Amino acid sequence: MRPRSCTALLGLLLLVGCTSSTPDDPAGPPMPAPADFAQGACASVATDLIGVGAVLPRLGEGGVVEQAVKDELKAVQDGIFFFAETAPAQVKPELDILVGSLGSVRIRADGNTYETSLGDVLKTSYDAAVGACMAPAASTAPVIEVTLPPDLTSAGPSAPAPGGTRAPAPSATPSG
């Protein structure tokens, strides 16, 4: 082979090797943006929740977990724990479970006995917490549902009845 051909071939191989479609870091779960939590009950803990999602793919395949990952796990667990203590009832259970899952992963990571099944549990807990925090029920504004009795029209209780008289206002006392 000629020197130029070797150089061109070597350059092509390097280009293909450097632009491989296999990323250095494994892909993680879809990441919500902080703005996704803006209207929800979890807006103040959004950064910590996003941090859990960011660290999940870096846990590895088992055994030893890098110290930087352990540090990130501790930081996000602390933030979520303190928020979960006073979290609204509709998101508290999911946040408590996430804190417990983070603790399990951290204990095993500190002991160099981390297993991917713990990461799977953490991912499930993470998904549930994010889902609860982004759900319409997690909104800080109260949701009020009103069901009108079938005998009231859309015009309300003071609308004229079909015979031209006003319908009486519903009684404030329960009928028993």
# chains A, B, ... in the order shown; residues from 1 in each chain; ligands from 1

call {"tool": "select_by_dssp", "arguments": {"residues": "range 23-120 of chain A", "states": "strand (DSSP E)", "output": "PyMOL selection string"}}
result
chain A and resi 62-63+114-115

call {"tool": "residues_around", "arguments": {"residues": "Val99 in chain A", "least_positions_apart": "4", "cutoff": "12 Å", "atoms": "only C-alpha atoms", "output": "PyMOL selection string"}}
result
chain A and resi 48-49+52+73-85+92-95+103-106+121-123+125-126+129

call {"tool": "residues_around", "arguments": {"residues": "Pro34 in chain A", "least_positions_apart": "4", "cutoff": "12 Å", "atoms": "only C-alpha atoms", "output": "VMD selection string"}}
result
chain A and resid 38 to 40 42 to 51 130 133 to 134

call {"tool": "atom_distance", "arguments": {"atom1": "CA of Thr116 in chain A", "atom2": "CA of Asp71 in chain A"}}
result
18.4 Å

call {"tool": "residues_around", "arguments": {"residues": "Gly111 in chain A", "least_positions_apart": "2", "cutoff": "12 Å", "atoms": "only C-alpha atoms", "output": "number ranges by chain"}}
result
A: 62-67, 70, 104-109, 113-115

call {"tool": "atom_distance", "arguments": {"atom1": "CA of Asp96 in chain A", "atom2": "CA of Asp120 in chain A"}}
result
16.9 Å

call {"tool": "select_by_dssp", "arguments": {"residues": "range 59-121 of chain A", "states": "alpha helix (DSSP H)", "output": "PyMOL selection string"}}
result
chain A and resi 67-84+92-110+116-121

call {"tool": "atom_distance", "arguments": {"atom1": "CA of Leu59 in chain A", "atom2": "CA of Ser117 in chain A"}}
result
11.1 Å

call {"tool": "closest_residue", "arguments": {"among": "A:Ala68, A:Leu118, A:Ala41, A:Val55", "to": "Val91 in chain A", "atoms": "only C-alpha atoms"}}
result
A:Ala41
